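**Student:** Following this line is coords-v4.txt, made up of compact mmCIF, N, CA and C atoms:
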```txt
# COMPACT_ATOMS: atom_id res chain seq x y z
N MET F 793 0.85 -1.17 0.00
CA MET F 793 0.00 0.00 0.00
C MET F 793 0.90 1.24 0.00
N PRO F 794 0.65 2.21 -0.88
CA PRO F 794 1.48 3.41 -0.92
C PRO F 794 1.27 4.25 0.35
N LYS F 795 2.34 4.96 0.73
CA LYS F 795 2.25 5.84 1.89
C LYS F 795 1.36 7.03 1.57
N LYS F 796 0.59 7.42 2.56
CA LYS F 796 -0.29 8.57 2.41
C LYS F 796 0.54 9.84 2.62
N THR F 797 0.39 10.80 1.74
CA THR F 797 1.12 12.06 1.89
C THR F 797 0.15 13.17 2.27
N PRO F 798 0.63 14.15 3.04
CA PRO F 798 -0.28 15.22 3.46
C PRO F 798 -0.69 16.09 2.27
N ASN F 799 -1.89 16.63 2.35
CA ASN F 799 -2.37 17.55 1.32
C ASN F 799 -1.66 18.89 1.38
N THR F 800 -1.24 19.28 2.59
CA THR F 800 -0.53 20.54 2.76
C THR F 800 0.96 20.28 2.62
N PRO F 801 1.64 21.01 1.75
CA PRO F 801 3.08 20.78 1.57
C PRO F 801 3.87 21.19 2.83
N ILE F 802 5.02 20.58 3.00
CA ILE F 802 5.91 20.94 4.09
C ILE F 802 6.61 22.24 3.73
N THR F 803 6.50 23.20 4.61
CA THR F 803 7.09 24.52 4.37
C THR F 803 7.74 25.02 5.65
N SER F 804 8.36 26.17 5.55
CA SER F 804 8.89 26.85 6.74
C SER F 804 8.44 28.30 6.69
N ALA F 805 8.43 28.92 7.84
CA ALA F 805 8.04 30.33 7.93
C ALA F 805 8.79 30.97 9.08
N THR F 806 9.19 32.20 8.89
CA THR F 806 9.84 32.98 9.95
C THR F 806 9.13 34.32 10.06
N HIS F 807 8.80 34.67 11.28
CA HIS F 807 8.14 35.95 11.56
C HIS F 807 9.01 36.70 12.55
N ARG F 808 9.19 38.01 12.30
CA ARG F 808 9.99 38.84 13.20
C ARG F 808 9.17 40.05 13.62
N LEU F 809 9.37 40.46 14.86
CA LEU F 809 8.72 41.64 15.39
C LEU F 809 9.73 42.36 16.27
N SER F 810 9.93 43.65 16.04
CA SER F 810 10.85 44.46 16.84
C SER F 810 10.05 45.54 17.55
N LEU F 811 10.28 45.66 18.85
CA LEU F 811 9.58 46.65 19.65
C LEU F 811 10.58 47.44 20.47
N GLU F 812 10.32 48.70 20.70
CA GLU F 812 11.08 49.47 21.67
C GLU F 812 10.12 49.78 22.81
N ILE F 813 10.51 49.36 24.00
CA ILE F 813 9.66 49.47 25.18
C ILE F 813 10.24 50.54 26.09
N ALA F 814 9.42 51.45 26.52
CA ALA F 814 9.85 52.59 27.33
C ALA F 814 9.97 52.20 28.81
N LYS F 815 10.75 51.19 29.07
CA LYS F 815 11.05 50.74 30.43
C LYS F 815 12.47 50.19 30.43
N PRO F 816 13.17 50.26 31.58
CA PRO F 816 14.54 49.71 31.66
C PRO F 816 14.58 48.20 31.41
N HIS F 817 15.72 47.75 30.93
CA HIS F 817 15.95 46.35 30.58
C HIS F 817 15.57 45.40 31.72
N ALA F 818 16.06 45.65 32.93
CA ALA F 818 15.80 44.75 34.07
C ALA F 818 14.30 44.67 34.37
N VAL F 819 13.60 45.77 34.25
CA VAL F 819 12.15 45.80 34.52
C VAL F 819 11.41 44.99 33.46
N VAL F 820 11.82 45.14 32.20
CA VAL F 820 11.18 44.40 31.10
C VAL F 820 11.40 42.91 31.27
N TRP F 821 12.64 42.49 31.55
CA TRP F 821 12.94 41.07 31.72
C TRP F 821 12.11 40.48 32.85
N LYS F 822 12.10 41.15 34.01
CA LYS F 822 11.36 40.63 35.16
C LYS F 822 9.87 40.52 34.85
N ALA F 823 9.30 41.51 34.19
CA ALA F 823 7.88 41.48 33.86
C ALA F 823 7.58 40.41 32.82
N PHE F 824 8.43 40.29 31.80
CA PHE F 824 8.19 39.31 30.75
C PHE F 824 8.22 37.89 31.29
N THR F 825 9.20 37.60 32.14
CA THR F 825 9.37 36.24 32.64
C THR F 825 8.59 35.94 33.90
N GLY F 826 8.39 36.93 34.76
CA GLY F 826 7.76 36.68 36.05
C GLY F 826 6.30 37.05 36.17
N ASP F 827 5.83 37.92 35.28
CA ASP F 827 4.46 38.41 35.38
C ASP F 827 3.60 38.02 34.19
N VAL F 828 3.96 36.93 33.50
CA VAL F 828 3.25 36.54 32.28
C VAL F 828 1.76 36.38 32.52
N ASN F 829 1.37 35.90 33.69
CA ASN F 829 -0.05 35.72 33.97
C ASN F 829 -0.79 37.06 34.03
N LEU F 830 -0.06 38.15 34.27
CA LEU F 830 -0.69 39.47 34.34
C LEU F 830 -0.83 40.14 32.98
N TRP F 831 0.12 39.90 32.07
CA TRP F 831 0.07 40.60 30.78
C TRP F 831 -0.47 39.76 29.62
N TRP F 832 -0.53 38.46 29.77
CA TRP F 832 -1.02 37.60 28.68
C TRP F 832 -2.49 37.92 28.46
N PRO F 833 -2.89 38.36 27.26
CA PRO F 833 -4.29 38.73 27.03
C PRO F 833 -5.23 37.54 27.22
N LYS F 834 -6.32 37.78 27.90
CA LYS F 834 -7.29 36.70 28.19
C LYS F 834 -7.84 36.07 26.92
N ASP F 835 -8.00 36.86 25.85
CA ASP F 835 -8.53 36.29 24.61
C ASP F 835 -7.47 35.55 23.79
N PHE F 836 -6.25 35.45 24.33
CA PHE F 836 -5.20 34.71 23.66
C PHE F 836 -5.10 33.27 24.17
N TYR F 837 -5.85 32.94 25.21
CA TYR F 837 -5.89 31.56 25.69
C TYR F 837 -6.60 30.69 24.65
N VAL F 838 -6.24 29.40 24.59
CA VAL F 838 -6.89 28.52 23.63
C VAL F 838 -7.64 27.36 24.28
N THR F 839 -7.41 27.10 25.56
CA THR F 839 -8.15 26.02 26.21
C THR F 839 -9.53 26.51 26.62
N GLU F 840 -10.43 25.55 26.89
CA GLU F 840 -11.81 25.89 27.21
C GLU F 840 -11.98 26.61 28.54
N SER F 841 -11.21 26.22 29.55
CA SER F 841 -11.39 26.82 30.88
C SER F 841 -10.05 27.22 31.48
N PRO F 842 -9.35 28.16 30.84
CA PRO F 842 -8.02 28.54 31.35
C PRO F 842 -8.11 29.25 32.70
N GLN F 843 -7.17 28.91 33.58
CA GLN F 843 -7.12 29.57 34.88
C GLN F 843 -5.93 30.53 34.96
N ARG F 844 -4.84 30.16 34.30
CA ARG F 844 -3.65 31.01 34.32
C ARG F 844 -2.66 30.52 33.28
N ILE F 845 -1.68 31.38 32.98
CA ILE F 845 -0.57 30.99 32.11
C ILE F 845 0.66 30.92 33.01
N VAL F 846 1.48 29.90 32.83
CA VAL F 846 2.64 29.68 33.68
C VAL F 846 3.89 29.66 32.82
N PHE F 847 4.95 30.33 33.27
CA PHE F 847 6.23 30.35 32.56
C PHE F 847 7.31 29.87 33.52
N GLU F 848 7.83 28.67 33.27
CA GLU F 848 8.93 28.11 34.04
C GLU F 848 10.22 28.54 33.35
N VAL F 849 10.85 29.57 33.86
CA VAL F 849 11.99 30.21 33.20
C VAL F 849 13.28 29.48 33.60
N ARG F 850 13.54 28.39 32.90
CA ARG F 850 14.75 27.58 33.09
C ARG F 850 14.85 26.63 31.90
N PRO F 851 16.04 26.16 31.57
CA PRO F 851 16.14 25.17 30.50
C PRO F 851 15.26 23.96 30.83
N GLY F 852 14.44 23.56 29.88
CA GLY F 852 13.49 22.47 30.10
C GLY F 852 12.16 22.94 30.65
N GLY F 853 12.07 24.20 31.05
CA GLY F 853 10.83 24.74 31.58
C GLY F 853 9.77 24.87 30.50
N ARG F 854 8.55 25.11 30.93
CA ARG F 854 7.44 25.21 29.98
C ARG F 854 6.76 26.57 30.08
N LEU F 855 6.15 26.97 28.99
CA LEU F 855 5.18 28.06 28.97
C LEU F 855 3.87 27.36 28.66
N TYR F 856 2.94 27.40 29.62
CA TYR F 856 1.72 26.61 29.41
C TYR F 856 0.49 27.25 30.03
N GLU F 857 -0.65 26.86 29.50
CA GLU F 857 -1.93 27.23 30.06
C GLU F 857 -2.33 26.18 31.07
N ASP F 858 -2.69 26.61 32.27
CA ASP F 858 -3.18 25.72 33.31
C ASP F 858 -4.69 25.85 33.35
N SER F 859 -5.39 24.76 33.06
CA SER F 859 -6.85 24.75 33.09
C SER F 859 -7.39 24.07 34.34
N GLY F 860 -6.51 23.73 35.27
CA GLY F 860 -6.93 23.08 36.50
C GLY F 860 -7.14 21.59 36.33
N LYS F 861 -7.12 20.87 37.45
CA LYS F 861 -7.35 19.42 37.49
C LYS F 861 -6.41 18.65 36.56
N GLY F 862 -5.18 19.18 36.38
CA GLY F 862 -4.19 18.51 35.53
C GLY F 862 -4.36 18.78 34.05
N ASN F 863 -5.33 19.58 33.67
CA ASN F 863 -5.57 19.89 32.26
C ASN F 863 -4.84 21.16 31.85
N GLY F 864 -4.57 21.29 30.57
CA GLY F 864 -3.92 22.49 30.07
C GLY F 864 -3.33 22.27 28.69
N LEU F 865 -2.48 23.19 28.31
CA LEU F 865 -1.86 23.13 26.99
C LEU F 865 -0.46 23.73 27.08
N VAL F 866 0.54 23.00 26.59
CA VAL F 866 1.92 23.51 26.57
C VAL F 866 2.12 24.29 25.28
N TRP F 867 2.47 25.56 25.41
CA TRP F 867 2.79 26.38 24.25
C TRP F 867 4.22 26.14 23.80
N TYR F 868 5.15 26.12 24.74
CA TYR F 868 6.58 25.99 24.41
C TYR F 868 7.33 25.30 25.54
N HIS F 869 8.49 24.75 25.18
CA HIS F 869 9.50 24.30 26.13
C HIS F 869 10.73 25.17 25.95
N VAL F 870 11.32 25.61 27.04
CA VAL F 870 12.53 26.43 26.99
C VAL F 870 13.71 25.53 26.65
N ILE F 871 14.43 25.87 25.58
CA ILE F 871 15.60 25.07 25.19
C ILE F 871 16.91 25.81 25.42
N ALA F 872 16.86 27.13 25.61
CA ALA F 872 18.07 27.90 25.93
C ALA F 872 17.65 29.14 26.72
N LEU F 873 18.42 29.45 27.73
CA LEU F 873 18.15 30.62 28.56
C LEU F 873 19.45 31.35 28.81
N TYR F 874 19.47 32.64 28.50
CA TYR F 874 20.62 33.51 28.75
C TYR F 874 20.09 34.75 29.47
N ALA F 875 19.64 34.53 30.71
CA ALA F 875 19.02 35.60 31.50
C ALA F 875 20.06 36.70 31.78
N PRO F 876 19.68 37.93 31.69
CA PRO F 876 18.39 38.48 31.35
C PRO F 876 18.29 38.97 29.90
N ASN F 877 18.95 38.24 28.99
CA ASN F 877 19.02 38.74 27.61
C ASN F 877 18.23 37.97 26.58
N SER F 878 18.01 36.67 26.75
CA SER F 878 17.24 35.96 25.74
C SER F 878 16.73 34.62 26.25
N ILE F 879 15.66 34.20 25.60
CA ILE F 879 15.04 32.89 25.84
C ILE F 879 14.75 32.30 24.47
N THR F 880 15.11 31.02 24.29
CA THR F 880 14.76 30.32 23.06
C THR F 880 13.90 29.13 23.45
N ALA F 881 12.81 28.95 22.72
CA ALA F 881 11.87 27.88 23.04
C ALA F 881 11.61 27.03 21.80
N THR F 882 11.03 25.85 22.01
CA THR F 882 10.73 24.94 20.92
C THR F 882 9.94 25.62 19.83
N SER F 883 10.04 25.10 18.66
CA SER F 883 9.56 25.62 17.39
C SER F 883 10.37 26.84 17.02
N LEU F 884 11.45 27.05 17.74
CA LEU F 884 12.42 28.12 17.51
C LEU F 884 11.83 29.51 17.66
N LEU F 885 11.24 29.73 18.81
CA LEU F 885 10.84 31.07 19.22
C LEU F 885 11.99 31.65 20.01
N ASN F 886 12.50 32.80 19.59
CA ASN F 886 13.55 33.47 20.33
C ASN F 886 13.07 34.87 20.67
N VAL F 887 13.19 35.22 21.94
CA VAL F 887 12.87 36.56 22.41
C VAL F 887 14.11 37.10 23.07
N SER F 888 14.62 38.22 22.54
CA SER F 888 15.83 38.79 23.11
C SER F 888 15.59 40.24 23.51
N PHE F 889 16.37 40.69 24.48
CA PHE F 889 16.23 42.02 25.05
C PHE F 889 17.59 42.69 25.10
N SER F 890 17.63 43.99 24.83
CA SER F 890 18.87 44.75 25.00
C SER F 890 18.51 46.16 25.45
N ALA F 891 19.35 46.70 26.32
CA ALA F 891 19.12 48.03 26.85
C ALA F 891 19.28 49.07 25.75
N LYS F 892 18.40 50.04 25.74
CA LYS F 892 18.49 51.20 24.85
C LYS F 892 18.62 52.41 25.77
N GLY F 893 19.83 52.61 26.29
CA GLY F 893 20.02 53.64 27.31
C GLY F 893 19.54 53.10 28.65
N LYS F 894 19.22 54.02 29.58
CA LYS F 894 18.81 53.60 30.92
C LYS F 894 17.31 53.42 31.07
N SER F 895 16.53 53.94 30.11
CA SER F 895 15.09 53.93 30.33
C SER F 895 14.28 53.25 29.22
N ALA F 896 14.94 52.53 28.34
CA ALA F 896 14.21 51.83 27.28
C ALA F 896 14.87 50.49 26.98
N THR F 897 14.12 49.61 26.38
CA THR F 897 14.60 48.26 26.07
C THR F 897 14.14 47.88 24.67
N ALA F 898 15.04 47.32 23.89
CA ALA F 898 14.69 46.75 22.59
C ALA F 898 14.30 45.29 22.82
N MET F 899 13.19 44.89 22.23
CA MET F 899 12.71 43.51 22.33
C MET F 899 12.59 42.99 20.91
N GLU F 900 13.23 41.86 20.64
CA GLU F 900 13.21 41.25 19.31
C GLU F 900 12.60 39.86 19.43
N ILE F 901 11.58 39.61 18.65
CA ILE F 901 10.91 38.31 18.65
C ILE F 901 11.10 37.69 17.27
N THR F 902 11.62 36.47 17.25
CA THR F 902 11.76 35.71 16.00
C THR F 902 11.12 34.35 16.23
N ASP F 903 10.21 33.99 15.36
CA ASP F 903 9.51 32.71 15.46
C ASP F 903 9.67 31.99 14.14
N SER F 904 10.30 30.83 14.17
CA SER F 904 10.49 30.02 12.96
C SER F 904 9.77 28.69 13.14
N SER F 905 9.04 28.31 12.13
CA SER F 905 8.28 27.05 12.17
C SER F 905 8.58 26.24 10.92
N PHE F 906 8.42 24.93 11.04
CA PHE F 906 8.66 24.01 9.94
C PHE F 906 7.63 22.90 10.02
N GLY F 907 7.02 22.58 8.90
CA GLY F 907 6.06 21.48 8.88
C GLY F 907 4.94 21.76 7.89
N CYS F 908 3.81 21.12 8.08
CA CYS F 908 2.64 21.34 7.24
C CYS F 908 1.89 22.54 7.81
N LEU F 909 2.37 23.72 7.48
CA LEU F 909 1.91 24.95 8.12
C LEU F 909 0.66 25.56 7.52
N GLY F 910 0.41 25.34 6.25
CA GLY F 910 -0.72 26.01 5.61
C GLY F 910 -0.47 27.51 5.57
N ASP F 911 -1.53 28.29 5.69
CA ASP F 911 -1.43 29.75 5.66
C ASP F 911 -0.88 30.25 6.99
N THR F 912 0.25 30.95 6.94
CA THR F 912 0.88 31.44 8.17
C THR F 912 0.67 32.94 8.38
N SER F 913 -0.16 33.57 7.57
CA SER F 913 -0.33 35.02 7.68
C SER F 913 -0.88 35.45 9.03
N ALA F 914 -1.67 34.63 9.66
CA ALA F 914 -2.25 35.00 10.96
C ALA F 914 -1.21 34.96 12.08
N THR F 915 -0.10 34.23 11.87
CA THR F 915 0.91 34.12 12.91
C THR F 915 1.53 35.47 13.23
N ALA F 916 1.92 36.23 12.23
CA ALA F 916 2.53 37.54 12.47
C ALA F 916 1.56 38.46 13.20
N GLU F 917 0.30 38.42 12.83
CA GLU F 917 -0.70 39.24 13.50
C GLU F 917 -0.89 38.77 14.94
N GLY F 918 -0.85 37.49 15.16
CA GLY F 918 -0.97 36.95 16.52
C GLY F 918 0.15 37.41 17.42
N TRP F 919 1.38 37.38 16.91
CA TRP F 919 2.53 37.84 17.72
C TRP F 919 2.44 39.33 17.99
N ARG F 920 1.94 40.10 17.01
CA ARG F 920 1.77 41.54 17.24
C ARG F 920 0.73 41.77 18.35
N LEU F 921 -0.36 41.03 18.30
CA LEU F 921 -1.39 41.16 19.33
C LEU F 921 -0.85 40.78 20.71
N LEU F 922 -0.11 39.68 20.77
CA LEU F 922 0.41 39.20 22.05
C LEU F 922 1.49 40.12 22.61
N PHE F 923 2.49 40.42 21.79
CA PHE F 923 3.65 41.14 22.32
C PHE F 923 3.51 42.67 22.28
N GLN F 924 2.95 43.21 21.24
CA GLN F 924 2.83 44.67 21.15
C GLN F 924 1.58 45.16 21.90
N ASP F 925 0.42 44.62 21.54
CA ASP F 925 -0.82 45.05 22.19
C ASP F 925 -0.94 44.47 23.60
N GLY F 926 -0.35 43.29 23.82
CA GLY F 926 -0.40 42.66 25.14
C GLY F 926 0.72 43.14 26.05
N PHE F 927 1.91 42.57 25.87
CA PHE F 927 3.02 42.82 26.79
C PHE F 927 3.48 44.28 26.79
N LYS F 928 3.80 44.84 25.63
CA LYS F 928 4.32 46.21 25.57
C LYS F 928 3.32 47.21 26.16
N SER F 929 2.07 47.12 25.77
CA SER F 929 1.05 48.02 26.30
C SER F 929 0.91 47.87 27.81
N TRP F 930 0.93 46.64 28.29
CA TRP F 930 0.77 46.38 29.71
C TRP F 930 1.93 46.95 30.52
N ILE F 931 3.16 46.65 30.10
CA ILE F 931 4.30 47.10 30.91
C ILE F 931 4.49 48.62 30.86
N GLU F 932 4.18 49.24 29.74
CA GLU F 932 4.35 50.70 29.67
C GLU F 932 3.28 51.43 30.48
N ARG F 933 2.16 50.79 30.80
CA ARG F 933 1.14 51.39 31.67
C ARG F 933 1.50 51.27 33.14
N ARG F 934 2.36 50.30 33.49
CA ARG F 934 2.73 50.06 34.89
C ARG F 934 3.56 51.21 35.43
N LYS F 935 3.40 51.49 36.67
CA LYS F 935 4.20 52.53 37.35
C LYS F 935 5.51 51.98 37.80
```
Mind converting the file's structure to structure tokens?

**Tutor:**
Amino acid sequence: MPKKTPNTPITSATHRLSLEIAKPHAVVWKAFTGDVNLWWPKDFYVTESPQRIVFEVRPGGRLYEDSGKGNGLVWYHVIALYAPNSITATSLLNVSFSAKGKSATAMEITDSSFGCLGDTSATAEGWRLLFQDGFKSWIERRK
């Protein structure tokens, strides 16, 4: 019997987003890694009954939705950590930070995917919603 092949061709895609955040580097790093449950937009959850988002900031750690009772969804596994400058996670998501003087931080997000991806146009918009409208807006409003 011949092997079944997917209808969607195998492709790759890379999306990049650069933001300048009007907060010091150390403040941005701490908020990004430690306060994810506060800035992650509620409409960005994908499970039916999300309770919180958890970020285990260590090699092998997870970024996941906790839906309670052992249920949830893992978004990423951390595969490299260079605190407080960058985190790389599975599917090759890299988020890096660099000081722009004493009161601003450059944030660079690169997401590379490989597989039967189909239309990837929504991915770039999703990252803009999460990181620019979510994280950047949230942290710049904080005192």

**Student:** Taking 3 positions as the minimum chain separation for residues in the same chain, which residues sit within 5 Å of Phe889 in chain F when counting only N, CA and C atoms? Answer as a list in words.

**Tutor:** Asn877, Ser878, Ala898 and Met899 of chain F

**Student:** For CA of Ile802 in chain F and atom N of Gly907 in chain F, determine how far apart the two atoms are, in Å to one decimal place.

**Tutor:** 5.2 Å

**Student:** Given all atoms listed in the file as the basis, pick out the residue of F:Ser883, F:Thr897, F:Thr806, F:Thr902 nearest to Tyr868 in chain F.

**Tutor:**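 When distances to Tyr868 in chain F are compared using all atoms listed in the file, the smallest one comes from F:Ser883.
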
**Student:** Using only C-alpha atoms, determine which residues lie at most 10 Å from range 911-914 of chain F, disregarding the query and same-chain residues fewer than 6 positions distant; provide the list as number ranges by chain.

**Tutor:** F: 800, 804-807, 905, 920

**Student:** So that I can check the secondary structure, give me every residue of chain F assigned strand (DSSP E or B) by backbone DSSP, as a ChimeraX atom specification.

**Tutor:** /F:803-813,844-847,854-860,863-874,878-881,885-891,897-907

**Student:** Please check which residues have atoms at most 6 Å from (8.1, 54.6, 29.1) in the file's coordinates, counting only N, CA and C atoms, and write them as a ChimeraX atom specification.

**Tutor:** /F:813-815,932

**Student:** If DSSP is run on the backbone, what residues of range 850-933 of chain F are alpha helix (DSSP H)? A reply as a list in words would be ideal.

**Tutor:**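 Residues of range 850-933 of chain F classed as alpha helix (DSSP H): Ser913, Ala914, Thr915, Ala916, Glu917, Gly918, Trp919, Ser929, Trp930, Ile931, Glu932 and Arg933 of chain F.
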
**Student:** Set the distance at 6.5 Å and use all atoms listed in the file: which residues neighbour Glu857 in chain F once local chain neighbours fewer than 4 positions away are removed? I'd like the list as a count of residues only.

**Tutor:** 10
